[in-house]
Each structure stands twice: as C-alpha cells, then as structure tokens.
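Novice: Okay, so here is entry-v7.cif, and as you'll see once you scroll down, it has mmCIF, C-alpha atoms and all ligand atoms.
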```
data_model
#
loop_
_atom_site.label_atom_id
_atom_site.label_comp_id
_atom_site.auth_asym_id
_atom_site.auth_seq_id
_atom_site.Cartn_x
_atom_site.Cartn_y
_atom_site.Cartn_z
CA MET E 1 149.60 131.82 112.90
CA LEU E 2 150.32 133.95 115.98
CA LEU E 3 153.53 135.26 114.40
CA ALA E 4 151.69 137.43 111.86
CA PRO E 5 149.73 139.54 114.40
CA ILE E 6 152.92 139.85 116.53
CA VAL E 7 154.80 141.27 113.52
CA TRP E 8 151.94 143.67 112.79
CA ALA E 9 151.62 144.78 116.42
CA LEU E 10 155.38 145.40 116.71
CA THR E 11 155.27 147.43 113.48
CA VAL E 12 152.46 149.63 114.78
CA VAL E 13 154.23 150.18 118.14
CA ILE E 14 157.53 151.12 116.43
CA CYS E 15 155.79 153.50 114.01
CA TYR E 16 153.82 155.07 116.88
CA PHE E 17 157.00 156.10 118.76
CA PHE E 18 158.43 157.71 115.62
CA ILE E 19 155.21 159.55 114.77
CA ALA E 20 154.62 160.68 118.38
CA LYS E 21 158.32 161.78 118.53
CA THR E 22 158.61 160.25 122.00
CA TRP E 23 162.41 160.37 121.95
CA TRP E 24 163.44 163.24 119.75
CA PHE E 25 166.20 165.77 119.11
CA PRO E 26 166.29 169.13 120.84
CA LEU E 27 165.08 171.96 118.57
CA PRO E 28 167.62 173.20 116.02
CA ILE E 29 169.10 176.69 116.48
CA SER E 30 170.36 177.44 112.97
CA ALA E 31 169.15 177.56 109.36
CA HIS E 32 171.43 174.59 108.71
CA GLY E 33 169.76 172.69 111.56
CA LEU E 34 166.30 173.37 110.12
CA ALA E 35 167.33 172.22 106.63
CA TYR E 36 168.98 169.17 108.14
CA ASP E 37 165.83 168.27 110.11
CA GLU E 38 163.63 168.72 107.03
CA HIS E 39 165.81 166.34 105.08
CA PHE E 40 165.88 163.91 107.98
CA MET E 41 162.06 163.93 108.10
CA ARG E 42 161.81 163.42 104.32
CA THR E 43 164.14 160.42 104.55
CA LEU E 44 162.31 159.05 107.59
CA VAL E 45 158.90 159.30 105.87
CA ILE E 46 160.19 157.54 102.74
CA VAL E 47 161.83 154.65 104.61
CA GLY E 48 159.02 154.62 107.20
CA VAL E 49 156.31 154.03 104.57
CA ILE E 50 158.41 151.29 102.95
CA PHE E 51 159.11 149.71 106.35
CA PHE E 52 155.40 149.75 107.26
CA LEU E 53 154.26 148.23 103.95
CA ALA E 54 157.03 145.61 104.00
CA GLN E 55 156.14 144.49 107.54
CA ILE E 56 152.42 144.30 106.73
CA ALA E 57 153.29 142.21 103.65
CA LEU E 58 155.58 140.01 105.78
CA GLY E 59 152.71 139.29 108.18
CA TYR E 60 150.39 138.53 105.27
CA VAL E 61 152.88 136.06 103.73
CA ILE E 62 153.34 134.32 107.10
CA LEU E 63 149.56 133.92 107.39
CA ARG E 64 148.87 132.97 103.78
CA TYR E 65 151.67 130.43 103.35
CA ARG E 66 151.69 128.87 106.83
CA ASP E 67 151.97 125.09 107.19
CA ASN E 68 148.63 123.55 106.30
CA GLY E 69 149.81 119.98 106.03
CA GLY E 70 150.45 120.11 102.25
CA ARG E 71 153.74 119.56 100.38
CA ALA E 72 156.08 122.52 100.12
CA SER E 73 156.89 123.59 96.54
CA TYR E 74 160.31 124.80 95.44
CA SER E 75 160.72 128.23 93.82
CA HIS E 76 163.61 129.53 91.70
CA GLY E 77 162.62 133.12 92.47
CA ASN E 78 161.75 135.70 89.90
CA ASN E 79 164.59 137.48 88.08
CA LYS E 80 162.36 140.24 86.75
CA MET E 81 161.08 141.10 90.22
CA GLU E 82 164.65 140.98 91.61
CA VAL E 83 165.82 143.49 89.00
CA ILE E 84 162.85 145.79 89.62
CA TRP E 85 163.17 146.04 93.39
CA THR E 86 166.95 146.22 93.39
CA SER E 87 167.04 149.09 90.89
CA ALA E 88 164.08 150.86 92.56
CA THR E 89 165.94 150.72 95.90
CA ALA E 90 169.17 151.97 94.29
CA VAL E 91 167.41 154.92 92.60
CA LEU E 92 165.59 155.83 95.80
CA PHE E 93 168.65 155.72 98.04
CA VAL E 94 170.98 157.50 95.64
CA GLY E 95 168.24 160.14 95.17
CA VAL E 96 167.88 160.69 98.93
CA VAL E 97 171.67 160.95 99.30
CA LEU E 98 171.93 163.49 96.46
CA MET E 99 169.15 165.58 98.02
CA GLY E 100 171.07 165.71 101.30
CA THR E 101 174.48 166.41 99.78
CA ARG E 102 173.71 170.09 99.29
CA ILE E 103 172.97 170.58 103.01
CA TRP E 104 176.13 168.72 104.01
CA ALA E 105 178.31 170.51 101.46
CA SER E 106 177.06 173.95 102.56
CA VAL E 107 178.96 173.40 105.80
CA HIS E 108 181.90 171.27 104.76
CA PHE E 109 182.77 172.47 101.25
CA GLU E 110 181.76 176.12 101.30
CA GLN E 111 184.05 178.70 102.84
CA ALA E 112 182.84 180.73 105.80
CA PRO E 113 181.64 184.25 104.86
CA HIS E 114 184.35 186.95 105.00
CA ASP E 115 182.86 188.71 107.99
CA ALA E 116 182.70 185.49 110.04
CA ILE E 117 184.09 185.73 113.59
CA PRO E 118 187.14 183.45 113.93
CA ILE E 119 187.49 181.32 117.05
CA GLU E 120 190.22 178.78 117.59
CA VAL E 121 189.17 175.53 119.24
CA LEU E 122 191.65 173.30 121.04
CA GLY E 123 190.63 169.79 122.03
CA LYS E 124 192.85 167.87 124.42
CA GLN E 125 192.48 165.01 126.87
CA PHE E 126 190.01 165.94 128.43
CA ALA E 127 189.01 169.56 128.03
CA TRP E 128 188.16 172.24 125.53
CA SER E 129 189.82 175.64 125.19
CA PHE E 130 188.78 178.47 122.91
CA ARG E 131 190.73 181.48 121.69
CA TYR E 132 189.47 184.78 120.29
CA PRO E 133 191.85 187.10 118.43
CA GLY E 134 191.06 190.04 120.76
CA PRO E 135 190.49 193.72 119.82
CA ASP E 136 193.25 193.74 117.14
CA GLY E 137 191.45 190.98 115.21
CA LYS E 138 194.68 188.97 114.91
CA PHE E 139 195.67 185.67 116.47
CA GLY E 140 199.05 186.12 118.11
CA ARG E 141 202.12 183.90 118.14
CA THR E 142 202.04 180.66 120.07
CA ASP E 143 204.86 178.36 121.07
CA LEU E 144 204.60 174.72 122.11
CA LYS E 145 207.17 175.33 124.87
CA LEU E 146 204.93 177.95 126.47
CA ILE E 147 201.93 175.64 126.84
CA ASN E 148 200.96 175.63 130.51
CA ASP E 149 197.55 174.21 131.36
CA ALA E 150 197.86 174.83 135.10
CA GLY E 151 198.97 178.41 134.44
CA GLY E 152 195.97 179.09 132.20
CA ASN E 153 197.88 179.08 128.92
CA PRO E 154 196.65 176.00 127.03
CA PHE E 155 197.47 177.52 123.65
CA GLY E 156 201.02 178.50 124.57
CA LEU E 157 200.47 182.20 123.86
CA ASP E 158 203.68 184.17 123.57
CA ASP E 159 203.24 187.34 125.62
CA LYS E 160 206.18 188.96 123.84
CA ASP E 161 204.07 189.20 120.68
CA PRO E 162 201.72 192.22 120.93
CA ALA E 163 199.15 190.37 118.78
CA ALA E 164 199.10 187.51 121.31
CA LYS E 165 198.80 189.78 124.34
CA ASP E 166 195.18 190.71 123.65
CA ASP E 167 194.04 187.22 122.61
CA LEU E 168 191.18 185.97 124.78
CA VAL E 169 191.23 182.40 126.05
CA SER E 170 188.03 180.89 127.39
CA ALA E 171 186.84 177.48 128.58
CA SER E 172 183.49 177.90 126.81
CA ILE E 173 182.40 179.55 123.57
CA LYS E 174 180.27 182.64 123.50
CA VAL E 175 178.95 183.79 120.15
CA PRO E 176 176.56 186.51 119.00
CA ALA E 177 173.24 185.30 117.56
CA GLY E 178 172.80 185.64 113.81
CA LYS E 179 176.51 186.20 113.04
CA PRO E 180 178.55 183.64 111.10
CA ILE E 181 181.26 181.96 113.18
CA ARG E 182 184.37 180.37 111.74
CA LEU E 183 185.96 177.76 113.97
CA ILE E 184 189.53 176.62 113.49
CA LEU E 185 189.77 173.20 115.07
CA HIS E 186 192.94 171.75 116.60
CA ALA E 187 193.68 168.67 118.67
CA ARG E 188 196.75 168.41 120.87
CA ASP E 189 196.91 164.67 121.43
CA VAL E 190 194.37 162.28 119.91
CA ILE E 191 191.31 162.56 117.67
CA HIS E 192 188.44 164.44 119.29
CA ASN E 193 185.09 165.48 117.87
CA PHE E 194 183.30 168.80 118.16
CA PHE E 195 179.57 168.17 118.48
CA VAL E 196 176.65 170.47 119.28
CA ARG E 197 173.32 168.70 118.96
CA GLU E 198 171.28 171.86 118.44
CA LEU E 199 173.50 172.90 115.50
CA ARG E 200 173.22 169.42 113.96
CA LEU E 201 176.96 169.64 113.38
CA LYS E 202 179.74 167.25 114.17
CA GLN E 203 183.37 167.44 113.12
CA ASP E 204 186.36 165.25 113.86
CA ILE E 205 189.48 167.06 115.06
CA VAL E 206 192.72 165.42 114.03
CA PRO E 207 196.10 166.18 115.64
CA GLY E 208 198.45 167.99 113.27
CA MET E 209 195.62 169.35 111.15
CA GLU E 210 193.83 172.69 111.09
CA ILE E 211 190.20 172.03 110.29
CA PRO E 212 187.91 174.94 109.41
CA PHE E 213 184.25 174.73 110.32
CA HIS E 214 181.51 177.35 110.21
CA PHE E 215 178.00 177.92 111.53
CA THR E 216 175.51 180.62 112.36
CA ALA E 217 173.38 180.17 115.48
CA ASP E 218 170.15 182.16 115.64
CA LYS E 219 168.63 181.33 119.01
CA PRO E 220 170.15 182.71 122.24
CA GLY E 221 170.68 180.08 124.91
CA VAL E 222 173.27 177.75 126.40
CA TYR E 223 173.99 174.50 124.57
CA GLU E 224 176.26 171.58 125.37
CA ILE E 225 179.44 170.91 123.44
CA ALA E 226 180.32 167.26 123.78
CA CYS E 227 183.41 165.46 122.56
CA SER E 228 181.89 162.85 120.30
CA GLU E 229 184.95 160.71 119.77
CA LEU E 230 185.97 158.13 122.37
CA CYS E 231 189.28 159.82 123.20
CA GLY E 232 190.39 158.12 126.41
CA LEU E 233 189.41 157.38 130.00
CA GLY E 234 188.15 160.89 130.76
CA HIS E 235 186.17 161.17 127.53
CA HIS E 236 182.86 161.46 129.39
CA GLN E 237 183.94 164.65 131.14
CA MET E 238 185.17 166.37 127.98
CA ARG E 239 182.37 168.86 127.61
CA SER E 240 181.85 172.56 127.49
CA THR E 241 179.12 174.99 126.52
CA LEU E 242 178.22 177.13 123.55
CA GLU E 243 176.47 180.27 124.69
CA VAL E 244 174.56 182.12 122.00
CA MET E 245 174.10 185.71 123.16
CA THR E 246 172.44 188.79 121.75
CA PRO E 247 175.06 190.80 119.79
CA GLU E 248 174.99 193.57 122.47
CA ASN E 249 175.67 191.12 125.30
CA PHE E 250 178.45 189.53 123.26
CA GLU E 251 180.18 192.89 122.76
CA LYS E 252 179.82 193.58 126.48
CA TRP E 253 181.33 190.19 127.35
CA LYS E 254 184.26 190.79 125.01
CA GLU E 255 184.95 194.18 126.56
CA GLU E 256 184.81 192.73 130.06
CA GLN E 257 187.26 190.01 129.08
CA ALA E 258 189.63 192.49 127.48
CA ALA E 259 189.48 194.71 130.56
CA GLN E 260 190.48 191.77 132.77
CA LYS E 261 193.67 191.17 130.81
CU CU V 301 187.75 164.07 123.26
#
```
Since I need it in another form, could you write the structure as structure tokens?

Specialist:
Amino acid sequence: MLLAPIVWALTVVICYFFIAKTWWFPLPISAHGLAYDEHFMRTLVIVGVIFFLAQIALGYVILRYRDNGGRASYSHGNNKMEVIWTSATAVLFVGVVLMGTRIWASVHFEQAPHDAIPIEVLGKQFAWSFRYPGPDGKFGRTDLKLINDAGGNPFGLDDKDPAAKDDLVSASIKVPAGKPIRLILHARDVIHNFFVRELRLKQDIVPGMEIPFHFTADKPGVYEIACSELCGLGHHQMRSTLEVMTPENFEKWKEEQAAQK
C-alpha cells in the first residue's frame, strides 16, 4: 500500500524540478535557439502531462488491485485498447518530430545566406583553430607540408600565395552580432564535434570532409565552444570561445589583426 504514495510523491518531486527549471540551459542567443527552445518546451509539456497522468494512474492501480487475500484472475489483455494507445502514441510522436524538423532543417539543409561571413574551423587533438579570409575576402592556398602548430600555422598557409598572406588565424572565434556566419568545418585527425550551448547547435566534424554550418548570433557576449565528441585523452581540454561582438568592435578587431600581420 505504501508503494502508491511513494510513486505519487516521486512524480510530484520530478515534475517540480522541471517546472521550477532548477537545472536549465543558458539563455539562447539566436533566433534558431529561441525556436529550438519553444519546440523543446512544447515537447516537454506534451510528454510531461502524459508522464504525470500515467504515474498517477500507476499509483491508483497499485492501490486498487493490491493483495487483499483473494484469488488472482488471469487477463488476456484488451486488443482494442492496445491498438488505440499504440496508434495514439505513434501519431503523437511522429507529429512532434515533424513539427521539429523545420527548425532542424533550417540549419542543416538550407544554405547560408550569400552575405554570410565565412570562417574555417579546424578541429584537432586537442585544440581549435579558426581562419578568416582576410581583407581580400578569399581563403588562400594551404599545404599539408606547411602545417606547423608550434610555429603558429595550424592550417598550413602558403605564404607564397598572396591570398593566403592576409588570412587571419585565431584560437577563438569572434563574430559580429546579427550577421550570418558560415562555418566550414574540418578535422585533422579524428571525429570532433563543434558545440555551442547558447546557439543550441552541435555538428560532428569528420576527417576528410568539409562540412558547412551556419548561424546568426544576436547577443554580444563570450560563450564556450566545447568539443562534444570523445576524441581522445585530452578531449576535456579541447575548448575555445565564441565572442559575439558589436559590428563596430568586430571591424576594429579585424583591422587590428590585419595590422599585426
Ligand atoms: Cu575533439
């Protein structure tokens, strides 16, 4: 008999922590993040209500059909009920998935806008490097043989190519707020994963592939980039930052970097 109130109490405690948002995500910094959170909440409310009702019913059944000394009766189940709840669950879940597909596809299937700022991302054991095309707007030539991490050339930029000479290499990303950014993701060794919680975006980076990825961040601030794929012993230290700046500050930063070259 005690089991029923325990089930009910646990249900209430679990629901409380979700409703009070005791452990929650940091605020989103993009329109995509907001849409993603809205869909997440919709899904959570739907499954939350079902979870709550199912647990209350579970407690009731425990209480109602507990051992009272009588003979247990055997049941074959109810085919009609089985069909109803199985199809209702299928319709609900497929519906929720379809609703979310649009948000997912807007990042992964749609091309970045034409005026998006391109930034090349290089993941390697265990660090991130980023490359901007520089004032000429063109990524210059790179050569595997020229890769020199200690010498500050993780991309293997070929200085003999004028387009490569002005390329900017940075250990963190700086982007202007409100402008679309197009990332071109590369991995040098194993699979890594580019993850920024506040963008609600996560993308695997596979060696030998060039993976495009786009976002627009609206809120200035500094956010963590974490490698979200267990990529080796130093995985935990593979992190960098995404700094969202005002467009003026971004231009200033770019000029400073170009002047240092
Ligand atoms: Cu990694």

Novice: Could you check the closest approach to ligand CU 301 (chain V) for each of E:Leu233, E:Val96, E:Cys227, E:Leu2 and tell me which residue wins, using all atoms listed in the file?

Specialist: E:Cys227

Novice: Using only C-alpha atoms and all ligand atoms, which residues have at least one atom no more than 12 Å from ligand CU 301 (chain V)? Output them as a PyMOL selection string.

Specialist: chain E and resi 122-129+186-195+203-207+225-240

Novice: Find, counting only C-alpha atoms, the residue in E:Met41, E:Val222, E:Ala163, E:Ala20 that gets nearest to E:Glu198.

Specialist: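 Answer, going by the shortest atom-to-atom distance: E:Val222.
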
Novice: If you measure from atom CA of E:Arg182 to atom CA of E:Ser106, what distance in Å do you get, rounded to one decimal?

Specialist: 13.4 Å

Novice: So how far away is atom CA of E:Tyr223 from atom CA of E:Ala259, in Å?

Specialist: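 Calculated distance between atom CA of E:Ala259 and atom CA of E:Tyr223 is 26.2 Å.
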
Novice: So which one's closest to E:Ala258, E:Asp143, E:Asp166, E:Asp67, E:Asp218? Using all atoms listed in the file, please.

Specialist: E:Asp166

Novice: Between E:Phe40, E:Gln260, E:Ser170, E:Lys254, which has the minimum distance to E:Trp104 (counting only C-alpha atoms)?

Specialist: E:Phe40

Novice: Any idea what the distance is between atom CA of E:Phe155 and atom CA of E:Arg131?

Specialist: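 If I compute the distance from atom CA of E:Phe155 to atom CA of E:Arg131, I get 8.1 Å.
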
Novice: Could you check which of E:Arg66, E:His108, E:Arg42, E:Lys174 is closest to E:Met1, using only C-alpha atoms?

Specialist: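 Smallest separation from E:Met1 among the options: E:Arg66.
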
Novice: From the set E:Gln257, E:Phe18, E:Gly48, E:Ile56, which residue has the shortest atom-to-atom contact distance to E:Pro5, counting all atoms listed in the file?

Specialist: E:Ile56

Novice: Show me, as a list in words, the residues that have an atom within 7 Å of E:Ala164 when counting only C-alpha atoms, minus same-chain residues fewer than 5 positions from it.

Specialist: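 The residues that qualify are Phe139, Gly140, Arg141, Leu157, Asp158 and Asp159 of chain E.
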
Novice: Take the selection from the previous step and output its residues with C-alpha atoms, as a JSON list (two decimals), in the coordinates of the input.

Specialist:
```json
[["chain", "number", "residue", "atom", "x", "y", "z"],
["E", 139, "PHE", "CA", 195.67, 185.67, 116.47],
["E", 140, "GLY", "CA", 199.05, 186.12, 118.11],
["E", 141, "ARG", "CA", 202.12, 183.90, 118.14],
["E", 157, "LEU", "CA", 200.47, 182.20, 123.86],
["E", 158, "ASP", "CA", 203.68, 184.17, 123.57],
["E", 159, "ASP", "CA", 203.24, 187.34, 125.62]]
```
